[in-house]
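Each remark here refers to the structure printed beneath this line.
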Amino acid sequence: MSEHQIHEHDVLIIGAGGAGLRAAIAASAEGATVGVVCKSLLGKAHTVMAEGGVAAAIGNVDDRDNWRVHFADTMRGGQYLNNWRMAELHAKEAPDTVRELEAWGALFDRTDDGRILQRNFGGHAYPRLAHVGDRTGLEMIRTLQDYGVHQGMDVHMECTVITLLEDGERVVGALAYDREKGHLKVFHAKAVVLATGGIGKAFKITSNSWEYTGDGHTLAYDAGAELIDMEFIQFHPTGMMWPPSVRGILVTEGVRGEGGVLRNANGHRFMFDDIPPLYVSSTADSEDEGWRYTQGDRDARRPPELLTRDHVARCIVREIKEGRGSPHGGVFLDISWIKERMPKAAEHIKKKLPSMYHQFKRLADLDITEQPMEVGPTTHYVMGGVRVDADTQMSTVPGLFAAGECAAGLHGANRLGGNSLSDLLVFGNRAGVHAARFAKERGAGTINDAQVEEAGRATLAPFERVGGEGPYQIQNALQDMMQDQVGIVRTGEDMQRALDGIQQLRDRAQRVSVNGNRVYNPGWHTALDLHSLLTVAEAVARSAITRKESRGAHFREDHPEKDESEGNLNTVITKHPDGSMALTREPKREMPAELRAIIEEMK
Amino acid sequence: MAKATFRIWRGDADGGELRDYTTEVSEGMVVLDAVLQIQADEANDLAVRWNCKAGKCGSCSAEVNGVPKLMCMTRLNELPLEKPVTLHPMKAFPLVKDLVTDVSWNFEIKKRIKPFKPRPPDAEDGTWRMAQSDVDRVMEFRKCVECFLCQDVCHVLREHQLFDGFIGPRFLVHVAALEMHPLDTENRLEALRTDQGIGYCNITKCCTNVCPENITITDNAIIPLKERVVDEAYDPLRRFFRKMTGGR
Ligand SMILES: Cc1cc2nc3c(=O)[nH]c(=O)nc-3n(C[C@H](O)[C@H](O)[C@H](O)COP(=O)(O)OP(=O)(O)OC[C@H]3O[C@@H](n4cnc5c(N)ncnc54)[C@H](O)[C@@H]3O)c2cc1C
Ligand code: SF4
Ligand code: SF4
Ligand code: FES
């Protein structure tokens with residue numbers, strides 16, 4: 001092991017988004033020494049891109065809100081496949097974790113009486129999202145980063161974890177490589193927290209960056225942990241459509257929260273055409289009522305544009321498929337129309353949605369205060385992930401914890417907007433606390449040198465092969481295939497074909513070669529990412545083939561209805577000892593009577 | 001389809017050269033699109049940083065035809081494509097490879113700035129009350145995406161390499177955000193005057209001109225800080241008064 005630098009930490013945190021940073025702060029506060037590794041520079045993780053806000057039932061704007069309503073909304077949005085204990089903890093703890101951010105220096109927009117302002121978002125009964133214009137994620141990650149670096153954590157930037165190191169059943173560290181030099185680094189830790197985010201790069205049209213290759217999911221799976229709910233991928237209804245180079249970039253739901261409406265090519269506001277039974281009683285029945293809701297009228301019900309994302313995305317697909325789409329294959333999202341309803345509408349829009357204004361102006365030559373935007377669905381978020389204990393966030397492997405987007409359970413079959421940022425805070429905190437306690441109780445394990453040597457060799461293998469295919473071709477082929485065959489509208493037949501395709505791509509990936517040297521080499525990095533991408537792609541396809549019903553974000557054209565016998569089951573993926581992917585179904589855990597009562601009451 | 005040529009710096013600390021790559025360009029493309037296309041098609045090992053592709057993360061800083069810019073927010077139709085588009089890494093920082101520079105100095109500097117220290121909570125439940133107008137006053141500074149383009153262009157760092165004595169415009173903005181935070185009670189003025197070298201800034205406004213977030217770095221952050229530093233040195237009472245009234 002001569003060549004490798006060794007770093008020792010009580011708790012190693014993989015990922016420096018909201019979840020990882022919050023976990024690092026919590027673990028430091030418990031007295032642990034903490035190391036954080038991340039693929040990019042500090043402060044550039046996905047969390048920085050979040051726009052709309054963080055959901056917490058603080059009740060500053062509407063005092064009828066409380067944790068019970070937030071809990072019921074989250075469960076309804078997730079079509080009751082959620083881990084109810086996580087939904088309960090999340091709803092109860094989110095308000096304090098948001099207030100804590102303020103104590104660390106975050107500044108949110110204010111109510112008239114000087115408290116944190118909250119805005120409307122899809123699926124939330126009351127205005128619930130604390131926000132700063134449409135750059136809430138930046139405020140959040142910067143606050144955590146600036147506070148965190150003073151709590152004594154070691155940050156290893158531009159460092160990518162390739163393998164978790166095991167001592168028997170337990171995870172005791174990780175092998176990583178640093179981009180700047182291309183050197184391998186060994187991290188020896190008493191507990192490891194995965195906070196690696198999502199898998200959006202498995203699809204062609206996505207709001208996600210190059211980082212979202214499902215590394216945490218795959219690291220956990222390879223170490224023997226269970227993944228659940230992998231069939232549930234959120235396609236956000238509004239991504240940019242034009243010009244082609246920006247296709248998929250997110251248009252925040254905040255646009256609809258502020259009164260933006262969806263229209264088809266005929267100018268028809270199609271969201272009123274189809275309202276799901278679970279939501280009929282809480283949806284406006286006229287355009288006027290919908291408008292009043294967005295302007296804070298407590299007696300009005302929400303406009304259908306603010307139904308859950310899975311539903312809005314499918315309505316948009318329907319309009320496009322049936323020939324009523326916009327010129328570049330989307331539909332129209334219009335916020336400029338509010339000038340009919342309020343004076344100084346242009347100023348208002350620029351104030352409430354500054355980065356959306358800027359984004360369209362710069363990238364699409366379009367002034368959103370004057371013209372409608374063209375939007376269509378984009379791959380956004382994965383509800384599925386590492387199965388964790390609700391209270392401690394430990395995975396099914398001792399010493400391995402997971403939090404944030406790479407963990408599963410809170411969101412069930414569909415996530416509500418704003419519930420991710422709060423997820424990061426609540427469960428990042430819990431993961432950090434419990435990882436630190438685990439570290440204290442269990443002490444250090446032993447690193448297996450043979451595992452390090454072998455993983456190290458595999459990492460360098462692409463340099464040794466010559467004349468093989470480049471990694472980008474394989475990545476693109478996978479993205480195209482997943483988009484077409486395992487995307488927003490699915491059939492068993494298509495997905496079966498995709499599984500075969502994944503196998504073929506795996507064979508090709510074995511032969512990939514890279515050129516250049518080890519110093520900051522994106523080709524090499526992309527070659528190493530392929531293993532994760534292919535693993536999560538297979539997990540998604542297998543889980544989706546098994547779920548023969550439509551629920552939440554998972555829509556099967558060949559099984560378009562909900563099936564309650566399926567709705568009671570979670571899909572569990574594990575690695576079989578022979579290396580193949582194994583899938584089982586498990587009934588949901590029974591919900592305690594008191595939580596059931598809340599759901600009944602809020603129906 | 002139309003084609004354009006990109007003349008990209010390839011090399012590391014030991015040396016390198018500008019190399020030409022010709023690639024297809026289509027409507028709406030930005031410089032970063034072209035770079036990623038070249039990377040995928042013919043130069044897999046071309047080093048470049050990016051994340052969001054929407055001007056939100058501040059990763060993709062480079063010098064486009066000599067001007068410090070975010071590549072993801074620079075449209076090709078704003079550039080003269082009849083001649084090659086030249087792409088250089090930021091010149092103020094040590095080169096790692098190709099378009100990637102070592103910006104770790106910035107993260108070290110930030111650690112040395114005294115952190116946020118709030119006044120005691122205003123309400124029983126441990127929360128504070130603030131007017132939107134108080135929040136708005138510092139909002140501009142908090143938009144910073146840490147692209148470090150302002151650091152790149154500031155002559156104190158770029159030409160004079162005073163990395164030991166001057167924190168640069170990015171961190172003057174950061175200090176301004178903290179000093180003008182409605183809840184903050186810390187005093188950072190002595191450090192600004194000494195270790196952090198605010199005196200080196202001679203208000204050339206080059207930083208303001210390149211900031212992709214349109215932060216008026218010089219007029220709104222640096223000049224008010226310079227005034228406070230002077231007040232602190234000669235008239236501590238006035239500075240106290242300014243802080244209490246939240247005035248700039
Ligand atoms: C454009 C956009 C807008 C959004 N808006 C909202 C919103 O308004 N409200 C909301 O609630 N949610 C929103 N979301 C979702 C939310 O932002 C993300 O789900 C959330 O930020 C994920 O946080 P995280 O901490 O789990 O991961 P991330 O912030 O993505 O961080 C992942 C970290 O893991 C690191 N990493 C990954 N793999 C490795 C590896 N192998 N080795 C080392 N490090 C690794 C990465 O470098 C990164 O630091 C939005 C998402 C996007 C893309
Ligand atoms: S105004 Fe000051 S900080 Fe800005 S570039 Fe000029 S000298 Fe540097
Ligand atoms: S102040 Fe502007 S130019 Fe400087 S780092 Fe921040 S965003 Fe970039
Ligand atoms: S890629 Fe994020 S700012 Fe350019």
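Each chain in the structure tokens gets a letter, A, B, ..., in the order shown, and its residues are numbered from 1; ligands are numbered from 1 in order too.
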Give as a compact mmCIF listing (two decimals) with all heavy atoms, in the first residue's frame every residue of chain B that touches chain A within 6 Å, counting only C-alpha atoms.
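Wrote iface27.txt, looks like this:
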# COMPACT_ATOMS: atom_id res chain seq x y z
N GLY B 28 -28.39 28.70 -30.01
CA GLY B 28 -28.53 28.76 -28.57
C GLY B 28 -27.35 28.23 -27.79
O GLY B 28 -27.34 28.30 -26.57
N MET B 29 -26.35 27.69 -28.48
CA MET B 29 -25.24 27.08 -27.74
C MET B 29 -24.43 28.11 -26.94
O MET B 29 -24.28 29.25 -27.35
CB MET B 29 -24.30 26.35 -28.70
CG MET B 29 -24.53 24.86 -28.73
SD MET B 29 -23.60 24.05 -30.03
CE MET B 29 -22.02 23.82 -29.28
N ALA B 40 -16.11 15.31 -25.36
CA ALA B 40 -16.72 13.99 -25.61
C ALA B 40 -16.25 13.41 -26.95
O ALA B 40 -16.03 12.21 -27.07
CB ALA B 40 -18.24 14.11 -25.57
N ASN B 44 -11.06 13.57 -24.74
CA ASN B 44 -11.64 13.03 -23.50
C ASN B 44 -10.95 13.54 -22.23
O ASN B 44 -11.57 13.59 -21.18
CB ASN B 44 -11.55 11.50 -23.49
CG ASN B 44 -12.56 10.85 -24.41
OD1 ASN B 44 -12.69 9.64 -24.43
ND2 ASN B 44 -13.30 11.63 -25.21
N ASP B 45 -9.68 13.86 -22.34
CA ASP B 45 -8.97 14.26 -21.12
C ASP B 45 -8.88 15.78 -20.95
O ASP B 45 -8.15 16.26 -20.09
CB ASP B 45 -7.57 13.63 -21.08
CG ASP B 45 -6.70 14.12 -22.23
OD1 ASP B 45 -7.26 14.62 -23.23
OD2 ASP B 45 -5.47 14.01 -22.14
N ALA B 47 -9.48 19.03 -19.39
CA ALA B 47 -9.94 19.32 -18.03
C ALA B 47 -10.74 20.63 -17.98
O ALA B 47 -10.29 21.66 -18.48
CB ALA B 47 -8.74 19.42 -17.08
N ASN B 51 -20.88 22.39 -13.28
CA ASN B 51 -21.91 21.62 -12.59
C ASN B 51 -23.32 21.95 -13.08
O ASN B 51 -24.01 21.08 -13.59
CB ASN B 51 -21.86 21.84 -11.07
CG ASN B 51 -20.72 21.09 -10.44
OD1 ASN B 51 -19.58 21.50 -10.53
ND2 ASN B 51 -21.00 19.96 -9.83
N CYS B 52 -23.74 23.20 -12.94
CA CYS B 52 -25.17 23.48 -13.09
C CYS B 52 -25.59 23.85 -14.50
O CYS B 52 -26.73 23.71 -14.87
CB CYS B 52 -25.55 24.62 -12.16
SG CYS B 52 -24.84 26.20 -12.66
N CYS B 57 -23.71 27.83 -9.99
CA CYS B 57 -22.74 27.19 -9.10
C CYS B 57 -21.37 27.87 -9.15
O CYS B 57 -20.55 27.67 -8.26
CB CYS B 57 -22.61 25.70 -9.42
SG CYS B 57 -21.75 25.35 -10.97
N ARG B 129 -36.71 38.85 14.56
CA ARG B 129 -37.60 39.62 13.68
C ARG B 129 -36.73 40.53 12.83
O ARG B 129 -35.85 41.22 13.36
CB ARG B 129 -38.57 40.47 14.51
CG ARG B 129 -39.48 39.68 15.43
CD ARG B 129 -40.53 38.88 14.66
NE ARG B 129 -41.30 38.02 15.57
CZ ARG B 129 -40.99 36.75 15.83
NH1 ARG B 129 -39.96 36.17 15.25
NH2 ARG B 129 -41.71 36.05 16.67
N MET B 130 -37.00 40.52 11.54
CA MET B 130 -36.24 41.40 10.63
C MET B 130 -37.20 41.93 9.59
O MET B 130 -38.10 41.20 9.16
CB MET B 130 -35.17 40.60 9.88
CG MET B 130 -33.92 40.32 10.63
SD MET B 130 -32.87 39.23 9.63
CE MET B 130 -33.25 37.64 10.34
N ALA B 131 -36.98 43.15 9.15
CA ALA B 131 -37.80 43.69 8.07
C ALA B 131 -37.24 43.21 6.74
O ALA B 131 -36.04 43.00 6.59
CB ALA B 131 -37.80 45.21 8.12
N GLN B 132 -38.13 43.05 5.77
CA GLN B 132 -37.68 42.65 4.44
C GLN B 132 -36.63 43.63 3.91
O GLN B 132 -35.67 43.23 3.27
CB GLN B 132 -38.87 42.56 3.48
CG GLN B 132 -38.51 42.09 2.07
CD GLN B 132 -38.07 40.62 2.02
OE1 GLN B 132 -38.61 39.77 2.71
NE2 GLN B 132 -37.07 40.32 1.21
(message) Taking the DSSP secondary structure from the backbone, can you list the residues of stretch 67-241 of chain B that are alpha helix (DSSP H), as a PyMOL selection string?
(response) chain B and resi 104-112+132-142+149-153+155-158+168-179+189-193+206-210+223-234+236-241
Go ahead and dump the residues you just picked, C-alpha atoms, as a PDB file, in the first residue's frame.
ATOM      1  CA  SER B 104      -7.866  26.429  -2.927  1.00  0.00           C
ATOM      2  CA  TRP B 105      -6.351  29.701  -1.648  1.00  0.00           C
ATOM      3  CA  ASN B 106      -9.860  31.166  -1.684  1.00  0.00           C
ATOM      4  CA  PHE B 107     -11.185  28.506   0.651  1.00  0.00           C
ATOM      5  CA  GLU B 108      -8.294  29.100   3.052  1.00  0.00           C
ATOM      6  CA  ILE B 109      -8.932  32.837   3.097  1.00  0.00           C
ATOM      7  CA  LYS B 110     -12.575  32.353   3.942  1.00  0.00           C
ATOM      8  CA  LYS B 111     -11.736  30.255   6.977  1.00  0.00           C
ATOM      9  CA  ARG B 112      -9.757  33.182   8.375  1.00  0.00           C
ATOM     10  CA  GLN B 132     -37.681  42.645   4.441  1.00  0.00           C
ATOM     11  CA  SER B 133     -35.850  45.883   3.711  1.00  0.00           C
ATOM     12  CA  ASP B 134     -33.039  44.864   6.095  1.00  0.00           C
ATOM     13  CA  VAL B 135     -32.768  41.539   4.340  1.00  0.00           C
ATOM     14  CA  ASP B 136     -32.824  43.180   0.914  1.00  0.00           C
ATOM     15  CA  ARG B 137     -29.890  45.371   1.808  1.00  0.00           C
ATOM     16  CA  VAL B 138     -27.460  42.443   2.026  1.00  0.00           C
ATOM     17  CA  MET B 139     -29.190  40.199  -0.493  1.00  0.00           C
ATOM     18  CA  GLU B 140     -27.010  41.477  -3.286  1.00  0.00           C
ATOM     19  CA  PHE B 141     -23.857  40.220  -1.569  1.00  0.00           C
ATOM     20  CA  ARG B 142     -25.362  36.848  -0.795  1.00  0.00           C
ATOM     21  CA  LEU B 149     -13.758  35.820 -11.601  1.00  0.00           C
ATOM     22  CA  CYS B 150     -13.426  39.043  -9.620  1.00  0.00           C
ATOM     23  CA  GLN B 151     -10.348  37.651  -7.897  1.00  0.00           C
ATOM     24  CA  ASP B 152      -8.961  36.695 -11.291  1.00  0.00           C
ATOM     25  CA  VAL B 153      -9.308  40.174 -12.713  1.00  0.00           C
ATOM     26  CA  HIS B 155      -4.694  43.570 -10.441  1.00  0.00           C
ATOM     27  CA  VAL B 156      -3.645  43.332  -6.792  1.00  0.00           C
ATOM     28  CA  LEU B 157      -3.835  39.550  -7.112  1.00  0.00           C
ATOM     29  CA  ARG B 158      -3.373  39.043 -10.841  1.00  0.00           C
ATOM     30  CA  GLY B 168      -9.556  40.134  -2.878  1.00  0.00           C
ATOM     31  CA  PRO B 169     -12.955  41.463  -3.925  1.00  0.00           C
ATOM     32  CA  ARG B 170     -14.805  38.173  -3.373  1.00  0.00           C
ATOM     33  CA  PHE B 171     -13.977  38.210   0.297  1.00  0.00           C
ATOM     34  CA  LEU B 172     -14.559  41.906   0.695  1.00  0.00           C
ATOM     35  CA  VAL B 173     -18.056  41.110  -0.533  1.00  0.00           C
ATOM     36  CA  HIS B 174     -18.217  38.302   2.014  1.00  0.00           C
ATOM     37  CA  VAL B 175     -17.125  40.597   4.830  1.00  0.00           C
ATOM     38  CA  ALA B 176     -19.687  43.175   3.684  1.00  0.00           C
ATOM     39  CA  ALA B 177     -22.400  40.512   3.774  1.00  0.00           C
ATOM     40  CA  LEU B 178     -21.465  39.684   7.356  1.00  0.00           C
ATOM     41  CA  GLU B 179     -20.931  43.261   8.537  1.00  0.00           C
ATOM     42  CA  LEU B 189     -12.769  46.103  10.722  1.00  0.00           C
ATOM     43  CA  GLU B 190      -9.368  45.871  12.369  1.00  0.00           C
ATOM     44  CA  ALA B 191      -8.580  42.715  10.381  1.00  0.00           C
ATOM     45  CA  LEU B 192      -9.817  44.345   7.178  1.00  0.00           C
ATOM     46  CA  ARG B 193      -7.382  47.193   7.653  1.00  0.00           C
ATOM     47  CA  CYS B 206     -12.596  45.818 -12.721  1.00  0.00           C
ATOM     48  CA  CYS B 207     -14.159  43.314 -10.306  1.00  0.00           C
ATOM     49  CA  THR B 208     -17.612  44.849 -10.615  1.00  0.00           C
ATOM     50  CA  ASN B 209     -17.382  44.725 -14.383  1.00  0.00           C
ATOM     51  CA  VAL B 210     -16.866  40.965 -14.551  1.00  0.00           C
ATOM     52  CA  ILE B 223     -16.378  51.632  -0.512  1.00  0.00           C
ATOM     53  CA  PRO B 224     -18.759  51.355   2.475  1.00  0.00           C
ATOM     54  CA  LEU B 225     -16.280  48.997   4.149  1.00  0.00           C
ATOM     55  CA  LYS B 226     -13.447  51.431   3.539  1.00  0.00           C
ATOM     56  CA  GLU B 227     -15.553  54.160   5.158  1.00  0.00           C
ATOM     57  CA  ARG B 228     -16.230  51.993   8.158  1.00  0.00           C
ATOM     58  CA  VAL B 229     -12.564  51.178   8.503  1.00  0.00           C
ATOM     59  CA  VAL B 230     -11.769  54.893   8.544  1.00  0.00           C
ATOM     60  CA  ASP B 231     -14.569  55.579  11.043  1.00  0.00           C
ATOM     61  CA  GLU B 232     -13.318  52.792  13.269  1.00  0.00           C
ATOM     62  CA  ALA B 233      -9.817  54.213  13.298  1.00  0.00           C
ATOM     63  CA  TYR B 234     -10.822  57.813  13.928  1.00  0.00           C
ATOM     64  CA  PRO B 236     -15.406  54.557  16.976  1.00  0.00           C
ATOM     65  CA  LEU B 237     -18.681  56.120  18.073  1.00  0.00           C
ATOM     66  CA  ARG B 238     -19.772  56.889  14.572  1.00  0.00           C
ATOM     67  CA  ARG B 239     -19.069  53.338  13.539  1.00  0.00           C
ATOM     68  CA  PHE B 240     -21.146  52.072  16.484  1.00  0.00           C
ATOM     69  CA  PHE B 241     -23.983  54.319  15.397  1.00  0.00           C
TER      70      PHE B 241
END
(request) Let me have all residues with an atom within 7 Å of ligand 1, counting only C-alpha atoms and all ligand atoms, laid out as number ranges by chain. (result) A: 14-20, 37-40, 45-55, 136-137, 159-162, 195-198, 207-208, 211-212, 215-216, 249-250, 252, 380-381, 403-406, 417-422, 424
(message) Can you pull out every residue with an atom within 6 Å of ligand 4? Use only C-alpha atoms and all ligand atoms and format it as a ChimeraX atom specification.
(response) /B:50-60,70-72
Selection above as a file: N, CA, C and O atoms, as a compact mmCIF listing (two decimals), in the first residue's frame:
# COMPACT_ATOMS: atom_id res chain seq x y z
N TRP B 50 -17.41 22.17 -14.29
CA TRP B 50 -18.78 22.66 -14.48
C TRP B 50 -19.71 21.84 -13.60
O TRP B 50 -19.37 20.76 -13.16
N ASN B 51 -20.88 22.39 -13.28
CA ASN B 51 -21.91 21.62 -12.59
C ASN B 51 -23.32 21.95 -13.08
O ASN B 51 -24.01 21.08 -13.59
N CYS B 52 -23.74 23.20 -12.94
CA CYS B 52 -25.17 23.48 -13.09
C CYS B 52 -25.59 23.85 -14.50
O CYS B 52 -26.73 23.71 -14.87
N LYS B 53 -24.68 24.37 -15.29
CA LYS B 53 -25.00 24.84 -16.64
C LYS B 53 -26.04 25.95 -16.64
O LYS B 53 -26.75 26.14 -17.62
N ALA B 54 -26.19 26.64 -15.55
CA ALA B 54 -27.19 27.70 -15.51
C ALA B 54 -26.73 28.89 -14.68
O ALA B 54 -27.55 29.63 -14.13
N GLY B 55 -25.44 29.07 -14.54
CA GLY B 55 -24.93 30.24 -13.83
C GLY B 55 -25.19 30.25 -12.34
O GLY B 55 -25.14 31.31 -11.71
N LYS B 56 -25.42 29.09 -11.75
CA LYS B 56 -25.78 29.07 -10.33
C LYS B 56 -24.68 28.55 -9.42
O LYS B 56 -24.74 28.74 -8.21
N CYS B 57 -23.71 27.83 -9.99
CA CYS B 57 -22.74 27.19 -9.10
C CYS B 57 -21.37 27.87 -9.15
O CYS B 57 -20.55 27.67 -8.26
N GLY B 58 -21.12 28.64 -10.20
CA GLY B 58 -19.85 29.35 -10.29
C GLY B 58 -18.64 28.45 -10.53
O GLY B 58 -17.54 28.77 -10.13
N SER B 59 -18.83 27.33 -11.22
CA SER B 59 -17.72 26.41 -11.45
C SER B 59 -16.93 26.70 -12.73
O SER B 59 -15.74 26.45 -12.79
N CYS B 60 -17.64 27.17 -13.79
CA CYS B 60 -17.08 27.11 -15.13
C CYS B 60 -16.36 28.38 -15.55
O CYS B 60 -16.41 28.78 -16.72
N LEU B 70 -18.27 33.22 -17.06
CA LEU B 70 -18.79 31.87 -16.86
C LEU B 70 -19.06 31.30 -18.25
O LEU B 70 -19.84 31.88 -19.02
N MET B 71 -18.46 30.16 -18.57
CA MET B 71 -18.65 29.61 -19.92
C MET B 71 -20.09 29.18 -20.18
O MET B 71 -20.54 29.18 -21.31
N CYS B 72 -20.79 28.81 -19.11
CA CYS B 72 -22.16 28.32 -19.33
C CYS B 72 -23.14 29.46 -19.58
O CYS B 72 -24.27 29.23 -19.98
(request) Write out as a VMD selection string each polymer residue (protein, DNA or RNA) that has an atom no more than 6 Å from ligand 3, with only C-alpha atoms and all ligand atoms counted. (result) chain B and resid 144 to 150 170 211 to 213 215
(message) Which residues are close to A:Leu530, i.e. within 7 Å by only C-alpha atoms, leaving aside same-chain residues fewer than 3 positions away? Reply as a PyMOL selection string.
(response) chain A and resi 475+509+526-527+533-534
Take the residues from that selection and write them out as a short mmCIF file (atom, residue, chain, number, x, y, z; two decimals), in the first residue's frame, keeping C-alpha atoms.
data_model
loop_
_atom_site.label_atom_id
_atom_site.label_comp_id
_atom_site.auth_asym_id
_atom_site.auth_seq_id
_atom_site.Cartn_x
_atom_site.Cartn_y
_atom_site.Cartn_z
CA GLN A 475 -22.64 7.02 -21.30
CA ALA A 509 -17.77 -0.74 -20.43
CA THR A 526 -16.38 9.17 -16.82
CA ALA A 527 -15.03 5.68 -17.36
CA LEU A 533 -24.59 4.47 -13.81
CA LEU A 534 -25.14 0.96 -15.12
#
(request) Find the residues around A:Asn120 up to 8 Å (only C-alpha atoms counted), leave out those fewer than 5 positions away in its own chain, and share them as number ranges by chain. (result) A: 126-129, 254, 257-258, 294
Writer output for current selection, N, CA, C and O atoms, as a short mmCIF file (atom, residue, chain, number, x, y, z; two decimals), in the first residue's frame:
data_model
loop_
_atom_site.label_atom_id
_atom_site.label_comp_id
_atom_site.auth_asym_id
_atom_site.auth_seq_id
_atom_site.Cartn_x
_atom_site.Cartn_y
_atom_site.Cartn_z
N TYR A 126 -50.73 24.35 2.80
CA TYR A 126 -50.60 25.77 3.16
C TYR A 126 -49.26 26.29 2.65
O TYR A 126 -48.37 25.50 2.37
N PRO A 127 -49.11 27.62 2.58
CA PRO A 127 -47.80 28.16 2.20
C PRO A 127 -46.77 27.64 3.20
O PRO A 127 -46.90 27.89 4.40
N ARG A 128 -45.79 26.89 2.73
CA ARG A 128 -44.94 26.17 3.67
C ARG A 128 -43.45 26.31 3.36
O ARG A 128 -42.60 25.98 4.18
N LEU A 129 -43.11 26.81 2.16
CA LEU A 129 -41.70 26.81 1.80
C LEU A 129 -41.00 28.11 2.19
O LEU A 129 -41.24 29.16 1.60
N GLY A 254 -41.76 27.29 -8.31
CA GLY A 254 -42.09 28.60 -7.77
C GLY A 254 -42.80 29.48 -8.79
O GLY A 254 -43.60 30.35 -8.44
N GLY A 257 -46.19 28.57 -8.32
CA GLY A 257 -46.57 29.03 -6.98
C GLY A 257 -46.90 30.52 -6.97
O GLY A 257 -47.73 31.00 -6.21
N GLU A 258 -46.25 31.27 -7.85
CA GLU A 258 -46.49 32.72 -7.92
C GLU A 258 -47.61 33.07 -8.90
O GLU A 258 -47.82 34.24 -9.21
N THR A 294 -53.05 31.69 -5.05
CA THR A 294 -51.63 32.04 -5.17
C THR A 294 -51.34 33.40 -4.52
O THR A 294 -50.20 33.69 -4.19
#
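Minimum distance to B:Trp128 across B:Pro182, B:Gly11, B:Pro84, B:Pro89 (counting only C-alpha atoms) occurs at B:Pro182.
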